[in-house]
Structures are given as structure tokens and as C-alpha cells.
>>> print(open('coords-v5.txt').read())   # compact mmCIF, C-alpha atoms
# COMPACT_ATOMS: atom_id res chain seq x y z
CA ILE A 1 0.00 0.00 0.00
CA GLN A 2 1.25 3.47 -0.89
CA VAL A 3 -0.05 6.66 0.70
CA GLY A 4 0.54 10.09 -0.78
CA ILE A 5 -0.28 13.52 0.63
CA HIS A 6 -0.22 16.63 -1.54
CA THR A 7 -0.95 20.16 -0.39
CA TYR A 8 -0.35 23.65 -1.68
CA TYR A 9 -1.09 27.17 -0.53
CA THR A 10 -0.93 30.19 -2.82
CA SER A 11 -2.02 33.81 -2.80
CA GLN A 12 -3.17 36.17 -5.53
CA GLN A 13 -3.18 39.92 -5.69
CA LEU A 14 -4.56 42.42 -8.15
CA THR A 15 -2.14 43.45 -10.86
CA LYS A 16 -2.71 47.08 -11.72
CA ASN A 17 -2.95 48.03 -15.37
CA PHE A 18 -3.37 51.74 -14.68
CA GLU A 19 -2.66 54.14 -11.85
CA MET A 20 -5.48 55.65 -9.83
CA PHE A 21 -5.71 59.37 -9.04
CA THR A 22 -4.08 60.53 -5.86
CA PRO A 23 -6.45 62.48 -3.57
CA GLU A 24 -5.07 65.82 -4.77
CA GLU A 25 -5.26 64.74 -8.43
CA PHE A 26 -8.87 63.74 -7.89
CA ALA A 27 -9.59 67.07 -6.20
CA GLN A 28 -8.18 69.00 -9.15
CA TYR A 29 -10.10 66.80 -11.59
CA ARG A 30 -13.30 67.58 -9.66
CA ARG A 31 -12.58 71.33 -9.80
CA GLU A 32 -12.06 71.14 -13.56
CA ALA A 33 -15.25 69.10 -14.01
CA VAL A 34 -17.34 71.61 -12.05
CA ARG A 35 -15.75 74.56 -13.86
CA ALA A 36 -16.56 72.95 -17.22
CA ASN A 37 -20.22 72.99 -16.25
CA ASN A 38 -20.17 76.64 -15.21
CA PRO A 39 -21.49 79.21 -17.66
CA GLY A 40 -18.52 80.27 -19.76
CA GLY A 41 -16.31 77.65 -18.12
CA LYS A 42 -13.70 80.19 -16.98
CA ASP A 43 -13.92 80.54 -13.22
CA TYR A 44 -13.43 77.87 -10.59
CA SER A 45 -16.16 77.37 -8.03
CA SER A 46 -15.33 77.39 -4.36
CA ASP A 47 -14.29 74.08 -2.84
CA GLU A 48 -17.47 74.08 -0.79
CA ILE A 49 -19.34 73.81 -4.09
CA ASN A 50 -16.84 71.41 -5.65
CA PHE A 51 -16.97 68.94 -2.75
CA GLY A 52 -20.52 68.32 -1.69
CA GLY A 53 -22.18 71.66 -2.25
CA SER A 54 -21.72 73.26 1.18
CA ALA A 55 -19.29 73.64 4.05
CA ALA A 56 -21.33 71.10 6.03
CA ALA A 57 -21.07 68.39 3.37
CA PRO A 58 -19.15 65.31 4.61
CA GLU A 59 -17.05 65.25 1.44
CA TYR A 60 -15.90 68.84 1.97
CA ILE A 61 -15.22 68.25 5.67
CA ASN A 62 -13.06 65.22 4.84
CA TYR A 63 -11.24 67.10 2.11
CA LYS A 64 -10.37 69.99 4.42
CA ALA A 65 -9.31 67.60 7.18
CA GLY A 66 -7.13 65.56 4.81
CA ASN A 67 -9.14 62.40 5.38
CA PHE A 68 -9.34 60.16 2.36
CA ALA A 69 -10.19 56.55 1.55
CA ASP A 70 -8.21 54.24 -0.72
CA TRP A 71 -11.17 52.44 -2.27
CA GLU A 72 -8.99 49.96 -4.10
CA LYS A 73 -7.52 48.75 -0.81
CA ILE A 74 -10.94 48.81 0.86
CA MET A 75 -12.58 46.68 -1.82
CA MET A 76 -9.76 44.40 -2.96
CA ARG A 77 -8.04 41.79 -0.83
CA THR A 78 -5.42 39.09 -1.16
CA ALA A 79 -7.05 35.93 -2.52
CA ILE A 80 -5.95 32.66 -0.91
CA THR A 81 -6.03 29.25 -2.60
CA ASN A 82 -5.50 26.04 -0.64
CA SER A 83 -5.72 22.44 -1.83
CA ASN A 84 -5.19 19.26 0.18
CA THR A 85 -5.20 15.76 -1.32
CA ILE A 86 -4.59 12.34 0.13
CA ASN A 87 -4.43 9.23 -2.06
CA ILE A 88 -4.02 5.54 -1.35
CA SER A 89 -3.02 2.88 -3.86
CA GLY A 90 -2.13 -0.77 -3.62
CA GLY A 91 -2.96 -4.27 -4.72
CA ASN A 92 -1.51 -7.46 -6.12
CA GLU A 93 -1.73 -9.48 -9.33
CA VAL A 94 -5.45 -10.06 -8.78
CA THR A 95 -6.75 -6.80 -7.34
CA LYS A 96 -5.60 -3.21 -7.79
CA ILE A 97 -7.12 -0.21 -6.01
CA PHE A 98 -6.64 3.53 -6.03
CA SER A 99 -8.51 6.10 -3.93
CA SER A 100 -8.13 9.84 -3.43
CA LEU A 101 -9.78 12.57 -1.36
CA ASN A 102 -9.40 16.27 -2.12
CA TYR A 103 -10.56 19.48 -0.42
CA PHE A 104 -10.06 22.77 -2.26
CA THR A 105 -10.81 26.31 -1.10
CA GLN A 106 -10.34 29.69 -2.74
CA THR A 107 -11.20 33.17 -1.55
CA GLY A 108 -11.87 35.84 -4.16
CA LEU A 109 -10.29 39.24 -4.55
CA LEU A 110 -13.58 40.91 -3.59
CA PRO A 111 -15.21 40.49 -0.16
CA ASN A 112 -17.89 37.83 0.11
CA SER A 113 -16.58 35.81 -2.84
CA ASP A 114 -15.20 32.32 -2.35
CA TYR A 115 -15.27 28.79 -3.72
CA LYS A 116 -15.07 25.40 -1.98
CA ARG A 117 -14.97 21.90 -3.43
CA GLY A 118 -14.69 18.40 -2.01
CA ALA A 119 -14.03 15.37 -4.21
CA PHE A 120 -13.66 11.61 -3.72
CA ARG A 121 -12.44 9.05 -6.24
CA LEU A 122 -12.20 5.26 -6.14
CA ASN A 123 -10.79 3.03 -8.90
CA LEU A 124 -10.90 -0.76 -8.56
CA ASN A 125 -9.71 -3.49 -10.93
CA ARG A 126 -10.37 -7.15 -10.15
CA LYS A 127 -9.13 -10.11 -12.18
CA ILE A 128 -11.70 -12.90 -11.80
CA ASN A 129 -9.78 -15.51 -13.79
CA ARG A 130 -7.48 -15.62 -16.79
CA LYS A 131 -10.33 -14.63 -19.13
CA ILE A 132 -12.46 -12.20 -17.09
CA ASP A 133 -11.67 -8.95 -15.28
CA VAL A 134 -13.88 -6.11 -14.05
CA ASP A 135 -13.33 -2.39 -13.48
CA MET A 136 -15.16 0.03 -11.22
CA ASN A 137 -14.61 3.80 -11.19
CA LEU A 138 -16.53 5.98 -8.76
CA SER A 139 -16.32 9.78 -8.52
CA LEU A 140 -18.18 12.00 -6.07
CA ALA A 141 -17.88 15.78 -5.84
CA THR A 142 -19.67 18.69 -4.24
CA ASP A 143 -18.91 22.38 -4.46
CA GLY A 144 -20.24 25.74 -3.38
CA GLN A 145 -19.57 29.25 -4.58
CA GLN A 146 -20.34 32.57 -2.94
CA ARG A 147 -20.39 35.46 -5.41
CA GLU A 148 -20.02 39.13 -4.69
CA SER A 149 -22.99 41.44 -5.06
CA SER A 150 -23.55 43.33 -8.26
CA SER A 151 -23.42 47.12 -8.41
CA LEU A 152 -19.90 47.25 -6.99
CA ASP A 153 -18.78 50.38 -8.80
CA PHE A 154 -15.99 51.78 -6.65
CA ILE A 155 -13.35 53.05 -9.10
CA THR A 156 -15.02 56.46 -9.51
CA ILE A 157 -16.04 57.01 -5.89
CA SER A 158 -14.60 60.13 -4.32
CA PRO A 159 -11.61 59.37 -2.07
CA PHE A 160 -13.02 61.92 0.38
CA MET A 161 -16.02 59.70 1.12
CA GLY A 162 -15.28 56.56 3.16
CA PRO A 163 -17.63 53.62 3.72
CA TYR A 164 -18.15 54.29 7.46
CA ASP A 165 -19.57 57.14 9.51
CA LEU A 166 -17.91 58.62 12.59
CA ASN A 167 -19.39 55.82 14.73
CA GLY A 168 -17.94 53.10 12.54
CA ASN A 169 -21.27 52.15 10.93
CA LEU A 170 -21.66 51.51 7.21
CA VAL A 171 -23.36 54.34 5.35
CA PHE A 172 -25.72 53.76 2.44
CA ARG A 173 -25.17 56.86 0.32
CA LEU A 174 -21.65 58.18 0.10
CA ALA A 175 -21.70 61.57 -1.52
CA GLY A 176 -25.23 62.76 -2.11
CA ALA A 177 -26.87 64.04 -5.25
CA ASN A 178 -24.35 66.80 -5.92
CA ALA A 179 -21.38 64.45 -6.24
CA SER A 180 -19.97 63.44 -9.60
CA SER A 181 -19.18 59.92 -8.43
CA SER A 182 -21.14 56.83 -7.47
CA THR A 183 -23.39 57.31 -4.46
CA ILE A 184 -24.08 53.76 -3.22
CA ASN A 185 -21.63 52.31 -0.74
CA PRO A 186 -20.47 49.01 -2.31
CA LEU A 187 -19.76 47.49 1.13
CA TRP A 188 -23.38 48.19 2.02
CA ASN A 189 -24.60 46.23 -0.98
CA ILE A 190 -22.24 43.36 -0.16
CA ARG A 191 -23.63 43.17 3.37
CA GLU A 192 -27.23 43.26 2.17
CA ALA A 193 -26.91 40.56 -0.49
CA ASN A 194 -26.31 36.85 -0.80
CA ASN A 195 -25.44 35.06 -4.05
CA GLU A 196 -24.74 31.38 -3.62
CA SER A 197 -24.60 28.37 -5.89
CA LYS A 198 -24.14 24.70 -5.01
CA SER A 199 -23.72 21.55 -7.04
CA SER A 200 -23.14 17.85 -6.48
CA TYR A 201 -21.79 15.34 -8.95
CA TYR A 202 -21.98 11.55 -9.03
CA ASN A 203 -20.27 9.32 -11.60
CA LEU A 204 -20.20 5.51 -11.61
CA ASN A 205 -18.54 3.45 -14.32
CA LEU A 206 -18.72 -0.35 -14.31
CA ALA A 207 -17.04 -2.43 -16.99
CA GLY A 208 -16.25 -6.06 -17.63
CA ASN A 209 -13.80 -7.65 -20.05
CA TYR A 210 -13.97 -11.20 -21.39
CA ALA A 211 -11.19 -12.70 -23.49
CA ILE A 212 -13.00 -15.03 -25.89
CA THR A 213 -9.84 -16.00 -27.74
CA LYS A 214 -6.34 -14.62 -27.97
CA THR A 215 -7.44 -12.22 -30.71
CA LEU A 216 -11.10 -11.64 -29.85
CA SER A 217 -12.47 -9.98 -26.70
CA TYR A 218 -15.75 -8.55 -25.49
CA ARG A 219 -16.22 -5.51 -23.23
CA LEU A 220 -19.39 -4.42 -21.50
CA ASN A 221 -19.14 -0.78 -20.46
CA THR A 222 -21.78 0.99 -18.36
CA LEU A 223 -21.91 4.54 -17.07
CA TYR A 224 -24.21 6.55 -14.83
CA ASN A 225 -23.81 10.31 -14.36
CA ARG A 226 -25.88 12.59 -12.20
CA LYS A 227 -25.47 16.29 -11.42
CA PHE A 228 -27.63 18.54 -9.26
CA MET A 229 -27.28 22.32 -9.28
CA GLU A 230 -28.87 25.00 -7.12
CA ASP A 231 -28.49 28.75 -7.48
CA GLY A 232 -29.92 31.36 -5.14
CA THR A 233 -29.80 35.15 -4.90
CA TYR A 234 -31.13 37.41 -2.17
CA ARG A 235 -31.36 41.19 -1.88
CA THR A 236 -32.68 42.63 1.35
CA ARG A 237 -35.00 45.63 1.31
CA LEU A 238 -31.97 47.75 2.25
CA HIS A 239 -29.96 46.73 -0.83
CA SER A 240 -29.97 49.28 -3.65
CA GLU A 241 -31.62 46.72 -5.94
CA GLY A 242 -34.16 45.66 -3.30
CA ILE A 243 -35.54 49.01 -2.18
CA ALA A 244 -38.21 49.26 -4.89
CA THR A 245 -39.44 45.69 -4.31
CA ASN A 246 -39.07 45.56 -0.52
CA GLY A 247 -36.42 42.89 -1.02
CA THR A 248 -36.13 40.17 -3.64
CA ALA A 249 -35.04 36.55 -3.78
CA THR A 250 -34.72 33.87 -6.45
CA LEU A 251 -33.98 30.17 -6.22
CA THR A 252 -33.42 27.88 -9.18
CA ASN A 253 -32.34 24.28 -9.35
CA SER A 254 -31.72 21.76 -12.07
CA ALA A 255 -30.62 18.16 -12.39
CA TRP A 256 -29.57 15.91 -15.20
CA GLU A 257 -28.84 12.23 -15.52
CA GLU A 258 -26.95 10.25 -18.12
CA PHE A 259 -27.00 6.51 -18.78
CA LEU A 260 -24.66 4.67 -21.10
CA VAL A 261 -24.39 1.00 -22.04
CA GLU A 262 -21.82 -0.13 -24.58
CA ASN A 263 -21.21 -3.57 -26.03
CA ILE A 264 -17.78 -3.67 -27.65
CA LEU A 265 -16.05 -6.44 -29.60
CA ASN A 266 -12.32 -6.09 -30.08
CA PHE A 267 -10.66 -8.15 -32.78
CA SER A 268 -6.87 -7.96 -32.93
CA PRO A 269 -5.56 -10.46 -35.42
CA VAL A 270 -1.86 -11.13 -35.74
CA ILE A 271 -0.76 -10.76 -39.32
CA ASN A 272 2.62 -12.28 -40.20
CA ASN A 273 4.97 -10.48 -42.52
>>> encode(input="coords-v5.txt", output="C-alpha cells")
Amino acid sequence: IQVGIHTYYTSQQLTKNFEMFTPEEFAQYRREAVRANNPGGKDYSSDEINFGGSAAAPEYINYKAGNFADWEKIMMRTAITNSNTINISGGNEVTKIFSSLNYFTQTGLLPNSDYKRGAFRLNLNRKINRKIDVDMNLSLATDGQQRESSSLDFITISPFMGPYDLNGNLVFRLAGANASSSTINPLWNIREANNESKSSYYNLNLAGNYAITKTLSYRLNTLYNRKFMEDGTYRTRLHSEGIATNGTATLTNSAWEEFLVENILNFSPVINN
């Protein structure tokens, strides 16, 4: 009997393909955008107007205080992948067996996104006599995936609007109607949503071989496959997509089965030169 253990652990990070604005670059871009909308487009508006519309606006207060949020760091994380496998093999001239068990996990770059899978495999070969042998292959697997909420626009959100208020609570709207950026807090939507899918897989293959003569053999091959899938989404009444409907949920499932029976004759004559 031989026993093998395999494991690996890796991490993934976002590779930037462009540089984001610094807070001051964003501030100047906002000033230019507001000036372009002014009649004549010559004079800059005051920063109270540029950042929130008044001196009491949270965006203006944060700008004056030098408080800013790095939304890329807030929304993106290091993704971790881990896989662990154990396999056992052994046998003799009559019986051979192989079995493996695997557990795989992966966290996504965005919060509330991950994937998990468990799998089992068993292969068995048994020689009944000098003419007959049988094979059995069994595979079982189950997985689950958690997906991030939609509406996660965070690239254009003002760096002077963070996801939390002064008490550390998530805020729903970030910048108000006067802002030129997105207004829905993406972390809010993540908290108020659930997107999950699950599936299970079953595969059984049974086969028998019979050597009729030295050059003629018969194989009976059978196969049964079954897969079940379930997908669910949920938006609370506080989610930006659930406000109008007082919350929404969907659940779908599907299953398929496959049967196969093959009768195979193999003829392998020996032809002399």
C-alpha cells in the first residue's frame, strides 16, 4: 500500500494596469469638471461647491481635514487558494485499487466571494480468472460558490467619502446628489446581499472484459452520471436593488442524468509479414 499527501497554498493579488488618481489629483479633476459645467467655463467654483455643495457636506469636511479613503484597498483583498489531497493505492496481481480525497478552497479578490470543493475518487480493478476482469470507477464531488454582489462600482467614488460614519457604521449613500461619483456604498450592498450556488456530482462506471480468444475480446461498459445544481440570490429591502421591491429573492435548481451502455467487440488479429 502506498499513501501520498499533496498540499499547496498560494495567494493572488490584483495586478494594476493603470494608476489611480491621488487624492489631490482627484480634487483638481473635480474642480475642472465643475468649472466645465459653469457658464462660460472660466472661473473655478469654491471648494465648498466642488466637494458636496456646502461647508457642512461630509465630502468637503473630509477634504479639508485631509481624510481620504483608498477604495482599491478597501474593496480588494489578497485571494488565498489552498488544496489538500490524500491518495491511497495498492494491490496485487489479482486486485488493484486507487482512492483519493481532495478538499479545495479559494477566496476571491472581492469580499464575500469564495469557492469550496470536495471530491472523492475510487478506482478498482479485479481479475476474476485468466479470461475475465472487471473495473469500477466511482467519482463524487460537491462544491459551493459565494459570489459578490452586483453594483460594486468603486473606481469612480470620491476618495473623500469613506464607507463608514464617525461611529464606525456603514453608510448607504456616500456623496449625495451633488457628487460626480457613485453614491451607493459598495460594502453596504455586499452586506445586504447573498449570491450562492451549489452543485453535487456523481459518476459511476462499471465495466467487464472477457477474453473469448487470444485475438477476440468482449467488453461491457456501463456509465451513470448525475449532477444537481442550485443557485440562489437574495437582496434585502436595504440593498440598492431591493428598495423598490421591498427585497427580492430567487432560487433555481436543475438536475440531469446520463446513462450509457456499450457492447464492444475487439478483434486484434496477428498478421505475419
>>> closest_atom_pairs(input="coords-v5.txt", of="segment 148-204 of chain A", to="segment 217-229 of chain A", cutoff="8 Å", atoms="all atoms listed in the file", output="Markdown table")
| residue | atom | partner | partner_atom | distance |
| --- | --- | --- | --- | --- |
| A:Ser197 | CA | A:Met229 | CA | 7.4 |
| A:Lys198 | CA | A:Met229 | CA | 5.8 |
| A:Ser199 | CA | A:Met229 | CA | 4.3 |
| A:Ser200 | CA | A:Phe228 | CA | 5.3 |
| A:Tyr201 | CA | A:Lys227 | CA | 4.5 |
| A:Tyr202 | CA | A:Arg226 | CA | 5.1 |
| A:Asn203 | CA | A:Asn225 | CA | 4.6 |
| A:Leu204 | CA | A:Tyr224 | CA | 5.2 |
>>> atom_distance(input="coords-v5.txt", atom1="atom CA of Tyr29 of chain A", atom2="atom CA of Lys42 of chain A")
14.9 Å
>>> residues_around(input="coords-v5.txt", residues="segment 6-22 of chain A", least_positions_apart="3", cutoff="7 Å", atoms="only C-alpha atoms", output="VMD selection string")
chain A and resid 25 to 26 78 to 86
>>> closest_residue(input="coords-v5.txt", among="A:Glu93, A:Gly232, A:Arg173, A:Ser268", to="Leu251 of chain A", atoms="all atoms listed in the file")
A:Gly232
>>> residues_around(input="coords-v5.txt", residues="Lys64 of chain A", least_positions_apart="5", cutoff="12 Å", atoms="only C-alpha atoms", output="number ranges by chain")
A: 23-24, 27, 47-48, 51-52, 55-59, 160
>>> closest_residue(input="coords-v5.txt", among="A:Phe68, A:Phe154, A:Phe267, A:Tyr164", to="Thr213 of chain A", atoms="all atoms listed in the file")
A:Phe267
>>> closest_residue(input="coords-v5.txt", among="A:Asp135, A:Thr215, A:Glu230, A:Trp256", to="Pro269 of chain A", atoms="only C-alpha atoms")
A:Thr215
>>> build_atoms(input="coords-v5.txt", residues="segment 58-80 of chain A", atoms="N, CA and C atoms", output="compact mmCIF listing (two decimals), keeping the file's coordinate frame")
# COMPACT_ATOMS: atom_id res chain seq x y z
N PRO A 58 -20.20 66.23 4.13
CA PRO A 58 -19.15 65.31 4.61
C PRO A 58 -17.94 65.25 3.69
N GLU A 59 -18.17 65.31 2.37
CA GLU A 59 -17.05 65.25 1.44
C GLU A 59 -16.14 66.47 1.61
N TYR A 60 -16.72 67.63 1.78
CA TYR A 60 -15.90 68.84 1.97
C TYR A 60 -15.17 68.79 3.31
N ILE A 61 -15.85 68.33 4.34
CA ILE A 61 -15.22 68.25 5.67
C ILE A 61 -14.02 67.30 5.61
N ASN A 62 -14.17 66.16 4.95
CA ASN A 62 -13.06 65.22 4.84
C ASN A 62 -11.93 65.79 4.00
N TYR A 63 -12.28 66.50 2.94
CA TYR A 63 -11.24 67.10 2.11
C TYR A 63 -10.42 68.10 2.90
N LYS A 64 -11.08 68.99 3.64
CA LYS A 64 -10.37 69.99 4.42
C LYS A 64 -9.54 69.37 5.52
N ALA A 65 -10.03 68.26 6.09
CA ALA A 65 -9.31 67.60 7.18
C ALA A 65 -8.20 66.68 6.68
N GLY A 66 -8.14 66.45 5.36
CA GLY A 66 -7.13 65.56 4.81
C GLY A 66 -7.45 64.09 5.00
N ASN A 67 -8.73 63.80 5.24
CA ASN A 67 -9.14 62.40 5.38
C ASN A 67 -9.55 61.85 4.01
N PHE A 68 -8.97 60.74 3.64
CA PHE A 68 -9.34 60.16 2.36
C PHE A 68 -9.32 58.64 2.45
N ALA A 69 -10.07 58.01 1.57
CA ALA A 69 -10.19 56.55 1.55
C ALA A 69 -9.57 55.99 0.28
N ASP A 70 -8.77 54.95 0.44
CA ASP A 70 -8.21 54.24 -0.72
C ASP A 70 -9.19 53.12 -1.05
N TRP A 71 -10.10 53.39 -1.98
CA TRP A 71 -11.17 52.44 -2.27
C TRP A 71 -10.66 51.14 -2.87
N GLU A 72 -9.55 51.19 -3.55
CA GLU A 72 -8.99 49.96 -4.10
C GLU A 72 -8.56 49.02 -2.97
N LYS A 73 -7.92 49.57 -1.95
CA LYS A 73 -7.52 48.75 -0.81
C LYS A 73 -8.72 48.31 0.03
N ILE A 74 -9.74 49.16 0.10
CA ILE A 74 -10.94 48.81 0.86
C ILE A 74 -11.67 47.64 0.21
N MET A 75 -11.76 47.66 -1.12
CA MET A 75 -12.58 46.68 -1.82
C MET A 75 -11.82 45.44 -2.26
N MET A 76 -10.53 45.54 -2.46
CA MET A 76 -9.76 44.40 -2.96
C MET A 76 -8.94 43.79 -1.82
N ARG A 77 -8.80 42.48 -1.86
CA ARG A 77 -8.04 41.79 -0.83
C ARG A 77 -7.14 40.75 -1.48
N THR A 78 -6.26 40.19 -0.69
CA THR A 78 -5.42 39.09 -1.16
C THR A 78 -6.25 37.81 -1.20
N ALA A 79 -6.28 37.17 -2.35
CA ALA A 79 -7.05 35.93 -2.52
C ALA A 79 -6.16 34.74 -2.16
N ILE A 80 -6.70 33.82 -1.38
CA ILE A 80 -5.95 32.66 -0.91
C ILE A 80 -6.52 31.39 -1.53
